[in-house]
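Listing of entry32.pdb; format and content: PDB, C-alpha atoms (C1' of nucleotides).
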MODEL        1
ATOM      1  CA  MET A 218      14.988  23.538   9.375
ATOM      2  CA  SER A 219      12.682  21.029  10.977
ATOM      3  CA  ARG A 220       9.953  22.575   8.837
ATOM      4  CA  ASN A 221      12.125  21.752   5.877
ATOM      5  CA  LEU A 222      12.223  18.130   6.977
ATOM      6  CA  THR A 223       8.464  17.860   7.325
ATOM      7  CA  ALA A 224       7.888  19.424   3.934
ATOM      8  CA  SER A 225      10.412  17.104   2.361
ATOM      9  CA  LEU A 226       8.756  14.122   3.971
ATOM     10  CA  ARG A 227       5.356  15.097   2.653
ATOM     11  CA  LYS A 228       6.777  15.318  -0.844
ATOM     12  CA  GLY A 229       8.630  12.069  -0.435
ATOM     13  CA  ALA A 230       5.756   9.876   0.688
ATOM     14  CA  PRO A 231       3.980   9.514  -2.690
ATOM     15  CA  VAL A 232       7.260   8.714  -4.418
ATOM     16  CA  PHE A 233       8.128   6.068  -1.850
ATOM     17  CA  ALA A 234       4.642   4.631  -2.112
ATOM     18  CA  ALA A 235       5.168   4.315  -5.858
ATOM     19  CA  LEU A 236       8.544   2.666  -5.292
ATOM     20  CA  GLY A 237       7.172   0.263  -2.703
ATOM     21  CA  ASP A 238       6.270  -2.459  -5.169
ATOM     22  CA  GLU A 239       8.645  -4.955  -6.647
ATOM     23  CA  THR A 240       6.954  -5.051 -10.029
ATOM     24  CA  ARG A 241       7.159  -1.284 -10.335
ATOM     25  CA  LEU A 242      10.819  -1.325  -9.347
ATOM     26  CA  ARG A 243      11.445  -3.890 -12.051
ATOM     27  CA  ILE A 244       9.671  -1.648 -14.548
ATOM     28  CA  LEU A 245      11.904   1.245 -13.541
ATOM     29  CA  SER A 246      14.881  -1.046 -13.903
ATOM     30  CA  LYS A 247      13.870  -1.965 -17.430
ATOM     31  CA  LEU A 248      13.315   1.638 -18.364
ATOM     32  CA  SER A 249      16.636   2.697 -16.903
ATOM     33  CA  GLY A 250      18.395   0.114 -19.034
ATOM     34  CA  GLY A 251      17.023   0.543 -22.520
ATOM     35  CA  GLY A 252      15.302   3.264 -24.434
ATOM     36  CA  PRO A 253      11.598   4.127 -24.210
ATOM     37  CA  LEU A 254       9.611   0.899 -24.155
ATOM     38  CA  SER A 255       6.075   0.125 -25.209
ATOM     39  CA  ILE A 256       3.614  -1.418 -22.775
ATOM     40  CA  THR A 257       3.799  -4.838 -24.386
ATOM     41  CA  GLN A 258       7.570  -4.691 -24.338
ATOM     42  CA  ILE A 259       7.520  -3.920 -20.641
ATOM     43  CA  THR A 260       5.021  -6.691 -20.027
ATOM     44  CA  GLU A 261       7.329  -9.195 -21.752
ATOM     45  CA  GLY A 262       8.883 -11.550 -19.233
ATOM     46  CA  GLU A 263       6.681 -10.302 -16.433
ATOM     47  CA  ASP A 264       4.251 -12.774 -14.931
ATOM     48  CA  VAL A 265       1.285 -10.431 -14.779
ATOM     49  CA  THR A 266      -1.175  -9.149 -17.346
ATOM     50  CA  ARG A 267      -0.599  -6.221 -19.611
ATOM     51  CA  GLN A 268      -3.434  -4.465 -17.806
ATOM     52  CA  ALA A 269      -1.645  -4.823 -14.508
ATOM     53  CA  ILE A 270       1.457  -3.282 -16.048
ATOM     54  CA  THR A 271      -0.650  -0.453 -17.431
ATOM     55  CA  LYS A 272      -1.956   0.286 -13.950
ATOM     56  CA  HIS A 273       1.534   0.217 -12.501
ATOM     57  CA  LEU A 274       2.668   2.640 -15.168
ATOM     58  CA  GLY A 275      -0.207   4.891 -14.150
ATOM     59  CA  VAL A 276       0.969   4.866 -10.547
ATOM     60  CA  LEU A 277       4.547   5.607 -11.585
ATOM     61  CA  ALA A 278       3.336   8.399 -13.830
ATOM     62  CA  ASP A 279       1.303   9.949 -10.999
ATOM     63  CA  ALA A 280       4.466   9.985  -8.917
ATOM     64  CA  GLY A 281       6.226  11.683 -11.821
ATOM     65  CA  LEU A 282       8.725   8.859 -12.103
ATOM     66  CA  VAL A 283       7.821   8.064 -15.659
ATOM     67  CA  ARG A 284       6.338   9.767 -18.676
ATOM     68  CA  ASP A 285       4.755   8.498 -21.873
ATOM     69  CA  VAL A 286       5.241   9.418 -25.491
ATOM     70  CA  ARG A 287       2.532   8.361 -27.883
ATOM     71  CA  GLN A 288       3.868   7.084 -31.136
ATOM     72  CA  GLY A 289       1.369   5.763 -33.607
ATOM     73  CA  ARG A 290      -0.575   2.915 -32.155
ATOM     74  CA  GLU A 291       1.880   2.350 -29.400
ATOM     75  CA  ARG A 292       2.692   4.255 -26.261
ATOM     76  CA  ARG A 293       6.298   4.279 -25.194
ATOM     77  CA  TRP A 294       7.393   5.009 -21.659
ATOM     78  CA  GLU A 295      10.581   6.545 -20.392
ATOM     79  CA  LEU A 296      12.101   7.289 -17.030
ATOM     80  CA  ASP A 297      12.099  10.678 -15.340
ATOM     81  CA  ALA A 298      14.771  10.578 -12.675
ATOM     82  CA  ALA A 299      13.863  13.848 -10.960
ATOM     83  CA  PRO A 300      11.617  12.341  -8.254
ATOM     84  CA  LEU A 301      14.374   9.879  -7.466
ATOM     85  CA  ASP A 302      16.449  12.821  -6.331
ATOM     86  CA  VAL A 303      13.555  14.028  -4.210
ATOM     87  CA  ALA A 304      13.358  10.625  -2.555
ATOM     88  CA  ARG A 305      17.083  10.505  -2.052
ATOM     89  CA  SER A 306      17.262  13.906  -0.414
ATOM     90  CA  CYS A 307      14.375  12.830   1.787
ATOM     91  CA  LEU A 308      16.331   9.805   2.944
ATOM     92  CA  ASP A 309      19.401  11.961   3.367
ATOM     93  CA  LEU A 310      17.587  14.343   5.685
ATOM     94  CA  VAL A 311      16.432  11.618   8.040
ATOM     95  CA  ALA A 312      19.726   9.735   7.945
ATOM     96  CA  GLN A 313      21.639  12.948   8.465
ATOM     97  CA  ARG A 314      19.710  13.933  11.582
ATOM     98  CA  TRP A 315      20.109  10.420  12.851
ATOM     99  CA  GLU A 316      23.870  10.559  12.353
ATOM    100  CA  GLN A 317      24.037  13.918  14.070
ATOM    101  CA  ARG A 318      22.160  12.527  17.027
ATOM    102  CA  LEU A 319      24.532   9.589  17.275
ATOM    103  CA  GLU A 320      27.436  12.003  17.072
ATOM    104  CA  ARG A 321      26.067  14.121  19.904
ATOM    105  CA  LEU A 322      25.450  11.006  21.952
ATOM    106  CA  LYS A 323      28.915   9.718  21.265
ATOM    107  CA  SER A 324      30.682  12.883  22.339
ATOM    108  CA  LEU A 325      28.442  13.020  25.383
ATOM    109  CA  VAL A 326      29.484   9.544  26.394
ATOM    110  CA  GLU A 327      33.141  10.228  25.695
ATOM    111  CA  THR A 328      33.277  13.311  27.930
ATOM    112  CA  GLU A 329      31.754  11.226  30.691
ATOM    113  CA  PRO A 330      34.478   9.251  32.485
TER     114      PRO A 330
ATOM    115  CA  MET B 433      25.726  -6.510 -12.570
ATOM    116  CA  SER B 434      22.161  -6.480 -13.784
ATOM    117  CA  ARG B 435      21.622  -9.355 -11.373
ATOM    118  CA  ASN B 436      22.915  -7.049  -8.692
ATOM    119  CA  LEU B 437      20.283  -4.527  -9.662
ATOM    120  CA  THR B 438      17.420  -6.983  -9.429
ATOM    121  CA  ALA B 439      18.565  -8.221  -6.048
ATOM    122  CA  SER B 440      18.890  -4.703  -4.783
ATOM    123  CA  LEU B 441      15.407  -3.895  -6.007
ATOM    124  CA  ARG B 442      13.935  -6.871  -4.228
ATOM    125  CA  LYS B 443      15.550  -5.749  -0.998
ATOM    126  CA  GLY B 444      14.501  -2.166  -1.522
ATOM    127  CA  ALA B 445      10.805  -2.675  -2.136
ATOM    128  CA  PRO B 446       9.739  -3.488   1.445
ATOM    129  CA  VAL B 447      11.683  -0.521   2.756
ATOM    130  CA  PHE B 448      10.067   1.814   0.253
ATOM    131  CA  ALA B 449       6.673   0.383   1.065
ATOM    132  CA  ALA B 450       7.294   1.159   4.726
ATOM    133  CA  LEU B 451       8.379   4.676   3.824
ATOM    134  CA  GLY B 452       5.356   5.258   1.616
ATOM    135  CA  ASP B 453       3.155   6.607   4.366
ATOM    136  CA  GLU B 454       3.210  10.133   5.665
ATOM    137  CA  THR B 455       2.471   9.162   9.262
ATOM    138  CA  ARG B 456       5.326   6.694   9.271
ATOM    139  CA  LEU B 457       7.674   9.276   7.798
ATOM    140  CA  ARG B 458       6.673  11.655  10.575
ATOM    141  CA  ILE B 459       7.408   8.946  13.123
ATOM    142  CA  LEU B 460      10.853   8.469  11.624
ATOM    143  CA  SER B 461      11.328  12.212  11.718
ATOM    144  CA  LYS B 462      10.490  12.295  15.426
ATOM    145  CA  LEU B 463      12.817   9.418  16.153
ATOM    146  CA  SER B 464      15.631  10.958  14.153
ATOM    147  CA  GLY B 465      15.358  14.124  16.195
ATOM    148  CA  GLY B 466      15.224  13.037  19.817
ATOM    149  CA  GLY B 467      16.250   9.954  21.719
ATOM    150  CA  PRO B 468      14.249   6.718  21.982
ATOM    151  CA  LEU B 469      10.581   7.571  22.427
ATOM    152  CA  SER B 470       7.757   5.639  24.020
ATOM    153  CA  ILE B 471       4.616   4.860  22.052
ATOM    154  CA  THR B 472       2.548   7.471  23.870
ATOM    155  CA  GLN B 473       5.240  10.053  23.293
ATOM    156  CA  ILE B 474       5.213   9.295  19.584
ATOM    157  CA  THR B 475       1.427   9.427  19.531
ATOM    158  CA  GLU B 476       1.491  12.889  21.103
ATOM    159  CA  GLY B 477       0.539  15.548  18.560
ATOM    160  CA  GLU B 478      -0.513  12.954  16.005
ATOM    161  CA  ASP B 479      -4.169  12.880  15.058
ATOM    162  CA  VAL B 480      -4.558   9.130  15.137
ATOM    163  CA  THR B 481      -4.967   6.605  17.934
ATOM    164  CA  ARG B 482      -2.142   5.052  19.893
ATOM    165  CA  GLN B 483      -3.115   1.722  18.371
ATOM    166  CA  ALA B 484      -2.657   3.094  14.882
ATOM    167  CA  ILE B 485       0.801   4.306  15.845
ATOM    168  CA  THR B 486       1.563   0.888  17.286
ATOM    169  CA  LYS B 487       0.657  -0.726  13.984
ATOM    170  CA  HIS B 488       2.813   1.738  12.069
ATOM    171  CA  LEU B 489       5.710   0.972  14.372
ATOM    172  CA  GLY B 490       5.178  -2.691  13.607
ATOM    173  CA  VAL B 491       5.441  -2.013   9.886
ATOM    174  CA  LEU B 492       8.583   0.058  10.367
ATOM    175  CA  ALA B 493      10.067  -2.665  12.563
ATOM    176  CA  ASP B 494       9.344  -5.318   9.935
ATOM    177  CA  ALA B 495      11.251  -3.197   7.449
ATOM    178  CA  GLY B 496      14.101  -2.994   9.969
ATOM    179  CA  LEU B 497      13.870   0.774  10.083
ATOM    180  CA  VAL B 498      13.199   0.874  13.791
ATOM    181  CA  ARG B 499      13.824  -1.254  16.852
ATOM    182  CA  ASP B 500      12.296  -1.321  20.307
ATOM    183  CA  VAL B 501      13.820  -1.445  23.757
ATOM    184  CA  ARG B 502      11.554  -2.537  26.566
ATOM    185  CA  GLN B 503      12.051  -0.532  29.692
ATOM    186  CA  GLY B 504       9.731  -1.268  32.587
ATOM    187  CA  ARG B 505       6.158  -0.692  31.629
ATOM    188  CA  GLU B 506       7.062   1.312  28.558
ATOM    189  CA  ARG B 507       8.515   0.392  25.222
ATOM    190  CA  ARG B 508      10.858   2.897  23.673
ATOM    191  CA  TRP B 509      11.612   2.999  19.999
ATOM    192  CA  GLU B 510      14.715   4.117  18.190
ATOM    193  CA  LEU B 511      15.818   4.507  14.603
ATOM    194  CA  ASP B 512      17.963   2.043  12.715
ATOM    195  CA  ALA B 513      19.404   3.829   9.716
ATOM    196  CA  ALA B 514      20.835   0.780   7.957
ATOM    197  CA  PRO B 515      17.812   0.145   5.683
ATOM    198  CA  LEU B 516      17.920   3.788   4.675
ATOM    199  CA  ASP B 517      21.271   3.085   3.091
ATOM    200  CA  VAL B 518      19.806   0.062   1.341
ATOM    201  CA  ALA B 519      17.046   2.239  -0.071
ATOM    202  CA  ARG B 520      19.500   4.907  -1.096
ATOM    203  CA  SER B 521      21.773   2.530  -2.931
ATOM    204  CA  CYS B 522      18.685   1.140  -4.627
ATOM    205  CA  LEU B 523      17.768   4.593  -5.905
ATOM    206  CA  ASP B 524      21.368   5.179  -6.872
ATOM    207  CA  LEU B 525      21.456   2.067  -9.022
ATOM    208  CA  VAL B 526      18.412   3.084 -11.043
ATOM    209  CA  ALA B 527      19.391   6.733 -11.298
ATOM    210  CA  GLN B 528      22.937   5.810 -12.227
ATOM    211  CA  ARG B 529      21.921   3.551 -15.097
ATOM    212  CA  TRP B 530      19.532   6.238 -16.261
ATOM    213  CA  GLU B 531      22.265   8.857 -16.260
ATOM    214  CA  GLN B 532      24.598   6.534 -18.134
ATOM    215  CA  ARG B 533      21.932   5.967 -20.725
ATOM    216  CA  LEU B 534      21.426   9.699 -21.172
ATOM    217  CA  GLU B 535      25.159  10.099 -21.478
ATOM    218  CA  ARG B 536      25.398   7.434 -24.188
ATOM    219  CA  LEU B 537      22.471   9.002 -26.008
ATOM    220  CA  LYS B 538      24.012  12.434 -25.768
ATOM    221  CA  SER B 539      27.350  11.410 -27.212
ATOM    222  CA  LEU B 540      25.554   9.472 -29.906
ATOM    223  CA  VAL B 541      23.620  12.560 -30.935
ATOM    224  CA  GLU B 542      26.679  14.747 -30.806
ATOM    225  CA  THR B 543      28.688  12.534 -33.127
ATOM    226  CA  GLU B 544      25.787  12.623 -35.548
ATOM    227  CA  PRO B 545      25.967  15.757 -37.710
TER     228      PRO B 545
ATOM    229  C1'  DA C 968     -10.385  -4.432 -47.287
ATOM    230  C1'  DG C 969      -9.215  -7.618 -43.727
ATOM    231  C1'  DA C 970      -6.251  -9.771 -40.330
ATOM    232  C1'  DA C 971      -3.010  -8.879 -36.803
ATOM    233  C1'  DT C 972      -1.168  -5.900 -33.326
ATOM    234  C1'  DA C 973      -1.239  -2.317 -29.484
ATOM    235  C1'  DT C 974      -3.813  -0.291 -26.457
ATOM    236  C1'  DG C 975      -8.043   1.574 -23.753
ATOM    237  C1'  DC C 976     -12.087   1.045 -20.727
ATOM    238  C1'  DA C 977     -14.979  -0.957 -17.237
ATOM    239  C1'  DA C 978     -16.557  -4.262 -14.148
ATOM    240  C1'  DC C 979     -15.401  -7.361 -10.798
ATOM    241  C1'  DC C 980     -12.659 -10.040  -7.006
ATOM    242  C1'  DC C 981     -10.085 -10.346  -2.944
ATOM    243  C1'  DG C 982      -6.826  -9.428   0.354
ATOM    244  C1'  DA C 983      -4.166  -6.040   2.726
ATOM    245  C1'  DC C 984      -4.031  -1.581   4.961
ATOM    246  C1'  DG C 985      -5.177   2.227   7.936
ATOM    247  C1'  DG C 986      -8.004   3.128  11.552
ATOM    248  C1'  DT C 987     -11.136   2.567  15.587
ATOM    249  C1'  DT C 988     -13.253   0.579  19.819
ATOM    250  C1'  DG C 989     -13.413  -2.300  23.818
ATOM    251  C1'  DC C 990     -11.257  -4.689  27.174
ATOM    252  C1'  DG C 991      -7.463  -6.988  29.551
ATOM    253  C1'  DT C 992      -2.701  -6.859  31.735
ATOM    254  C1'  DA C 993       1.396  -5.026  33.673
ATOM    255  C1'  DT C 994       3.861  -1.449  35.922
ATOM    256  C1'  DC C 995       4.498   2.840  38.526
ATOM    257  C1'  DG C 996       3.502   6.179  42.093
ATOM    258  C1'  DT C 997       1.734   7.331  46.557
TER     259       DT C 997
ATOM    260  C1'  DA D 424      -3.281  -1.544  48.392
ATOM    261  C1'  DC D 425      -5.185   1.292  44.911
ATOM    262  C1'  DG D 426      -5.612   4.513  41.278
ATOM    263  C1'  DA D 427      -3.226   6.060  37.321
ATOM    264  C1'  DT D 428      -0.377   5.098  33.492
ATOM    265  C1'  DA D 429       1.623   2.381  29.454
ATOM    266  C1'  DC D 430       0.784  -0.994  26.730
ATOM    267  C1'  DG D 431      -1.149  -5.535  24.294
ATOM    268  C1'  DC D 432      -4.779  -8.172  22.010
ATOM    269  C1'  DA D 433      -8.664  -8.926  19.148
ATOM    270  C1'  DA D 434     -12.617  -7.887  16.594
ATOM    271  C1'  DC D 435     -14.514  -5.036  13.370
ATOM    272  C1'  DC D 436     -14.990  -1.674   9.360
ATOM    273  C1'  DG D 437     -14.348   0.988   5.021
ATOM    274  C1'  DT D 438     -11.293   1.689   1.398
ATOM    275  C1'  DC D 439      -7.671   1.097  -1.643
ATOM    276  C1'  DG D 440      -4.406  -1.658  -4.362
ATOM    277  C1'  DG D 441      -3.050  -5.365  -7.317
ATOM    278  C1'  DG D 442      -4.874  -8.395 -10.445
ATOM    279  C1'  DT D 443      -7.988 -10.482 -13.885
ATOM    280  C1'  DT D 444     -11.420 -10.923 -17.674
ATOM    281  C1'  DG D 445     -14.147  -9.313 -21.472
ATOM    282  C1'  DC D 446     -14.864  -6.325 -24.983
ATOM    283  C1'  DA D 447     -14.129  -2.065 -27.756
ATOM    284  C1'  DT D 448     -10.988   0.976 -30.448
ATOM    285  C1'  DA D 449      -7.128   2.432 -33.151
ATOM    286  C1'  DT D 450      -3.173   1.540 -35.985
ATOM    287  C1'  DT D 451      -0.253  -1.259 -38.948
ATOM    288  C1'  DC D 452       0.637  -4.686 -42.415
ATOM    289  C1'  DT D 453      -0.151  -7.217 -46.535
TER     290       DT D 453
ENDMDL
END
Is it possible to express this structure as structure tokens?
Amino acid sequence: MSRNLTASLRKGAPVFAALGDETRLRILSKLSGGGPLSITQITEGEDVTRQAITKHLGVLADAGLVRDVRQGRERRWELDAAPLDVARSCLDLVAQRWEQRLERLKSLVETEP
Amino acid sequence: MSRNLTASLRKGAPVFAALGDETRLRILSKLSGGGPLSITQITEGEDVTRQAITKHLGVLADAGLVRDVRQGRERRWELDAAPLDVARSCLDLVAQRWEQRLERLKSLVETEP
DNA sequence: AGAATATGCAACCCGACGGTTGCGTATCGT
DNA sequence: ACGATACGCAACCGTCGGGTTGCATATTCT
């Protein structure tokens, strides 16, 4: 049970690390909105270089959050939402235990006159 | 709506960044389990220095994930689950849009003979 | 073929991060 | 009062992350 938590946390860390950058979150946002986008398309409107975006995509890909599909001379990227669920369940576990603890504390206080 | 997304992402990033470290996740795990713990208590069992733990606690505190209560010569730390909800809703927004997109794509394919 | 477009690769810069060590200060226990 | 305990502060270090620039390669278009 607590082992489950620890394991979940270890899996969650890399995903969170990948999510812990505003630029990368914006990239995910773009990908969640439209279809698969090419690197230059993703770079459009961003205030960093295409190379920077490429690196970010690499990080996201390592975390499994995104995958690429080569198509001629361009390389289109699309979202893979699976790790998002991993991250969410990770958050749930911590939050859940925290709630439980508060609950226990609450009932403990309430029984005390 | 899309503005809502961007704002949510900007709020989420620091939280994710704070969560993107295994040691910090373990700290949160410890805090979610028991009551408020002192720094030395948190350090116990960890393979890094007390100072390192102190720094991690600082990062977590900056993200609002944790707060401290001074108590005599010791400083006890407890979880604040609010940012976890922020992070979760952030994930939800991205995942939700992604699901919607898949849904639209699916129905589009299905109507196409 | 030749220009334009889309991307890859590698070197380099710099600041932030994770971590340690050394020492000082405050508080508790006896 | 005095030792032990809990913590803070500051300097220092190696590494990694985000970013850029320059140049090479592949594909498309006309």
Could you do a least-squares fit of chain A on chain B over every C-alpha atom, in sequence order, and give the output as a PDB file with C-alpha atoms, in the frame of the given file?
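result.pdb was written with the following content:
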ATOM      1  CA  MET A 218      25.672  -6.448 -12.788  1.00  0.00           C
ATOM      2  CA  SER A 219      22.077  -6.401 -13.909  1.00  0.00           C
ATOM      3  CA  ARG A 220      21.572  -9.298 -11.507  1.00  0.00           C
ATOM      4  CA  ASN A 221      22.906  -7.013  -8.832  1.00  0.00           C
ATOM      5  CA  LEU A 222      20.262  -4.453  -9.722  1.00  0.00           C
ATOM      6  CA  THR A 223      17.416  -6.940  -9.533  1.00  0.00           C
ATOM      7  CA  ALA A 224      18.590  -8.257  -6.192  1.00  0.00           C
ATOM      8  CA  SER A 225      18.918  -4.747  -4.849  1.00  0.00           C
ATOM      9  CA  LEU A 226      15.439  -3.907  -6.040  1.00  0.00           C
ATOM     10  CA  ARG A 227      13.952  -6.923  -4.325  1.00  0.00           C
ATOM     11  CA  LYS A 228      15.577  -5.875  -1.076  1.00  0.00           C
ATOM     12  CA  GLY A 229      14.509  -2.298  -1.547  1.00  0.00           C
ATOM     13  CA  ALA A 230      10.810  -2.848  -2.134  1.00  0.00           C
ATOM     14  CA  PRO A 231       9.789  -3.656   1.471  1.00  0.00           C
ATOM     15  CA  VAL A 232      11.737  -0.674   2.775  1.00  0.00           C
ATOM     16  CA  PHE A 233      10.115   1.658   0.270  1.00  0.00           C
ATOM     17  CA  ALA A 234       6.717   0.222   1.093  1.00  0.00           C
ATOM     18  CA  ALA A 235       7.376   1.030   4.742  1.00  0.00           C
ATOM     19  CA  LEU A 236       8.474   4.547   3.814  1.00  0.00           C
ATOM     20  CA  GLY A 237       5.466   5.124   1.582  1.00  0.00           C
ATOM     21  CA  ASP A 238       3.257   6.545   4.303  1.00  0.00           C
ATOM     22  CA  GLU A 239       3.344  10.068   5.583  1.00  0.00           C
ATOM     23  CA  THR A 240       2.571   9.133   9.165  1.00  0.00           C
ATOM     24  CA  ARG A 241       5.418   6.640   9.220  1.00  0.00           C
ATOM     25  CA  LEU A 242       7.791   9.200   7.742  1.00  0.00           C
ATOM     26  CA  ARG A 243       6.786  11.605  10.479  1.00  0.00           C
ATOM     27  CA  ILE A 244       7.485   8.912  13.062  1.00  0.00           C
ATOM     28  CA  LEU A 245      10.940   8.394  11.590  1.00  0.00           C
ATOM     29  CA  SER A 246      11.436  12.134  11.672  1.00  0.00           C
ATOM     30  CA  LYS A 247      10.572  12.268  15.352  1.00  0.00           C
ATOM     31  CA  LEU A 248      12.863   9.389  16.142  1.00  0.00           C
ATOM     32  CA  SER A 249      15.714  10.907  14.179  1.00  0.00           C
ATOM     33  CA  GLY A 250      15.402  14.093  16.194  1.00  0.00           C
ATOM     34  CA  GLY A 251      15.235  13.019  19.805  1.00  0.00           C
ATOM     35  CA  GLY A 252      16.229   9.993  21.776  1.00  0.00           C
ATOM     36  CA  PRO A 253      14.238   6.754  22.014  1.00  0.00           C
ATOM     37  CA  LEU A 254      10.571   7.622  22.421  1.00  0.00           C
ATOM     38  CA  SER A 255       7.716   5.728  23.995  1.00  0.00           C
ATOM     39  CA  ILE A 256       4.582   4.937  22.017  1.00  0.00           C
ATOM     40  CA  THR A 257       2.515   7.571  23.783  1.00  0.00           C
ATOM     41  CA  GLN A 258       5.229  10.130  23.208  1.00  0.00           C
ATOM     42  CA  ILE A 259       5.228   9.341  19.514  1.00  0.00           C
ATOM     43  CA  THR A 260       1.451   9.493  19.412  1.00  0.00           C
ATOM     44  CA  GLU A 261       1.521  12.988  20.946  1.00  0.00           C
ATOM     45  CA  GLY A 262       0.586  15.603  18.378  1.00  0.00           C
ATOM     46  CA  GLU A 263      -0.446  13.007  15.840  1.00  0.00           C
ATOM     47  CA  ASP A 264      -4.087  12.946  14.833  1.00  0.00           C
ATOM     48  CA  VAL A 265      -4.509   9.189  14.955  1.00  0.00           C
ATOM     49  CA  THR A 266      -4.955   6.693  17.757  1.00  0.00           C
ATOM     50  CA  ARG A 267      -2.173   5.165  19.747  1.00  0.00           C
ATOM     51  CA  GLN A 268      -3.148   1.820  18.251  1.00  0.00           C
ATOM     52  CA  ALA A 269      -2.615   3.149  14.764  1.00  0.00           C
ATOM     53  CA  ILE A 270       0.839   4.343  15.770  1.00  0.00           C
ATOM     54  CA  THR A 271       1.568   0.938  17.263  1.00  0.00           C
ATOM     55  CA  LYS A 272       0.703  -0.705  13.958  1.00  0.00           C
ATOM     56  CA  HIS A 273       2.875   1.729  12.049  1.00  0.00           C
ATOM     57  CA  LEU A 274       5.743   0.974  14.389  1.00  0.00           C
ATOM     58  CA  GLY A 275       5.199  -2.703  13.648  1.00  0.00           C
ATOM     59  CA  VAL A 276       5.500  -2.060   9.925  1.00  0.00           C
ATOM     60  CA  LEU A 277       8.649   0.007  10.416  1.00  0.00           C
ATOM     61  CA  ALA A 278      10.092  -2.690  12.640  1.00  0.00           C
ATOM     62  CA  ASP A 279       9.387  -5.381  10.030  1.00  0.00           C
ATOM     63  CA  ALA A 280      11.319  -3.289   7.534  1.00  0.00           C
ATOM     64  CA  GLY A 281      14.141  -3.077  10.065  1.00  0.00           C
ATOM     65  CA  LEU A 282      13.918   0.697  10.164  1.00  0.00           C
ATOM     66  CA  VAL A 283      13.220   0.821  13.850  1.00  0.00           C
ATOM     67  CA  ARG A 284      13.811  -1.256  16.939  1.00  0.00           C
ATOM     68  CA  ASP A 285      12.258  -1.298  20.391  1.00  0.00           C
ATOM     69  CA  VAL A 286      13.745  -1.397  23.848  1.00  0.00           C
ATOM     70  CA  ARG A 287      11.449  -2.431  26.648  1.00  0.00           C
ATOM     71  CA  GLN A 288      11.922  -0.401  29.755  1.00  0.00           C
ATOM     72  CA  GLY A 289       9.596  -1.095  32.619  1.00  0.00           C
ATOM     73  CA  ARG A 290       6.034  -0.544  31.616  1.00  0.00           C
ATOM     74  CA  GLU A 291       6.957   1.432  28.587  1.00  0.00           C
ATOM     75  CA  ARG A 292       8.433   0.485  25.261  1.00  0.00           C
ATOM     76  CA  ARG A 293      10.805   2.956  23.708  1.00  0.00           C
ATOM     77  CA  TRP A 294      11.592   3.014  20.019  1.00  0.00           C
ATOM     78  CA  GLU A 295      14.715   4.113  18.239  1.00  0.00           C
ATOM     79  CA  LEU A 296      15.831   4.471  14.662  1.00  0.00           C
ATOM     80  CA  ASP A 297      17.991   1.984  12.794  1.00  0.00           C
ATOM     81  CA  ALA A 298      19.406   3.792   9.797  1.00  0.00           C
ATOM     82  CA  ALA A 299      20.851   0.747   8.036  1.00  0.00           C
ATOM     83  CA  PRO A 300      17.854   0.067   5.757  1.00  0.00           C
ATOM     84  CA  LEU A 301      17.917   3.707   4.742  1.00  0.00           C
ATOM     85  CA  ASP A 302      21.280   3.035   3.163  1.00  0.00           C
ATOM     86  CA  VAL A 303      19.832   0.018   1.394  1.00  0.00           C
ATOM     87  CA  ALA A 304      17.061   2.183  -0.017  1.00  0.00           C
ATOM     88  CA  ARG A 305      19.491   4.872  -1.021  1.00  0.00           C
ATOM     89  CA  SER A 306      21.793   2.508  -2.862  1.00  0.00           C
ATOM     90  CA  CYS A 307      18.726   1.100  -4.579  1.00  0.00           C
ATOM     91  CA  LEU A 308      17.785   4.550  -5.816  1.00  0.00           C
ATOM     92  CA  ASP A 309      21.380   5.176  -6.782  1.00  0.00           C
ATOM     93  CA  LEU A 310      21.485   2.082  -8.963  1.00  0.00           C
ATOM     94  CA  VAL A 311      18.433   3.052 -10.974  1.00  0.00           C
ATOM     95  CA  ALA A 312      19.400   6.714 -11.224  1.00  0.00           C
ATOM     96  CA  GLN A 313      22.926   5.772 -12.189  1.00  0.00           C
ATOM     97  CA  ARG A 314      21.854   3.536 -15.062  1.00  0.00           C
ATOM     98  CA  TRP A 315      19.472   6.222 -16.168  1.00  0.00           C
ATOM     99  CA  GLU A 316      22.249   8.811 -16.201  1.00  0.00           C
ATOM    100  CA  GLN A 317      24.502   6.464 -18.117  1.00  0.00           C
ATOM    101  CA  ARG A 318      21.808   5.949 -20.702  1.00  0.00           C
ATOM    102  CA  LEU A 319      21.342   9.683 -21.103  1.00  0.00           C
ATOM    103  CA  GLU A 320      25.092  10.045 -21.442  1.00  0.00           C
ATOM    104  CA  ARG A 321      25.248   7.423 -24.177  1.00  0.00           C
ATOM    105  CA  LEU A 322      22.335   9.066 -25.936  1.00  0.00           C
ATOM    106  CA  LYS A 323      23.923  12.463 -25.659  1.00  0.00           C
ATOM    107  CA  SER A 324      27.238  11.420 -27.148  1.00  0.00           C
ATOM    108  CA  LEU A 325      25.360   9.566 -29.857  1.00  0.00           C
ATOM    109  CA  VAL A 326      23.487  12.696 -30.798  1.00  0.00           C
ATOM    110  CA  GLU A 327      26.604  14.838 -30.650  1.00  0.00           C
ATOM    111  CA  THR A 328      28.569  12.634 -33.058  1.00  0.00           C
ATOM    112  CA  GLU A 329      25.657  12.870 -35.457  1.00  0.00           C
ATOM    113  CA  PRO A 330      25.903  16.086 -37.491  1.00  0.00           C
TER     114      PRO A 330
END
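Using all atoms listed in the file, the smallest distance between any of C:DG975, C:DA983, C:DG996, C:DG969 and D:DC446 comes from C:DG975.
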As a check of understanding: the span from atom CA of A:Val232 to atom C1' of C:DA973 is 28.7 Å
- Task: Please evaluate the PyMOL selection byres ((chain B) within 9 of (chain D)) against the structure above and give the resulting residues as a VMD selection string.
- Result: chain B and resid 470 to 472 505 to 507
Once the PyMOL selection byres ((chain B and resi 525) around 10) is applied to the coordinates I shared, what remains selected? I want it as a PyMOL selection string. (chain A and resi 246+249) or (chain B and resi 434+436-438+440-441+519-524+526-531)
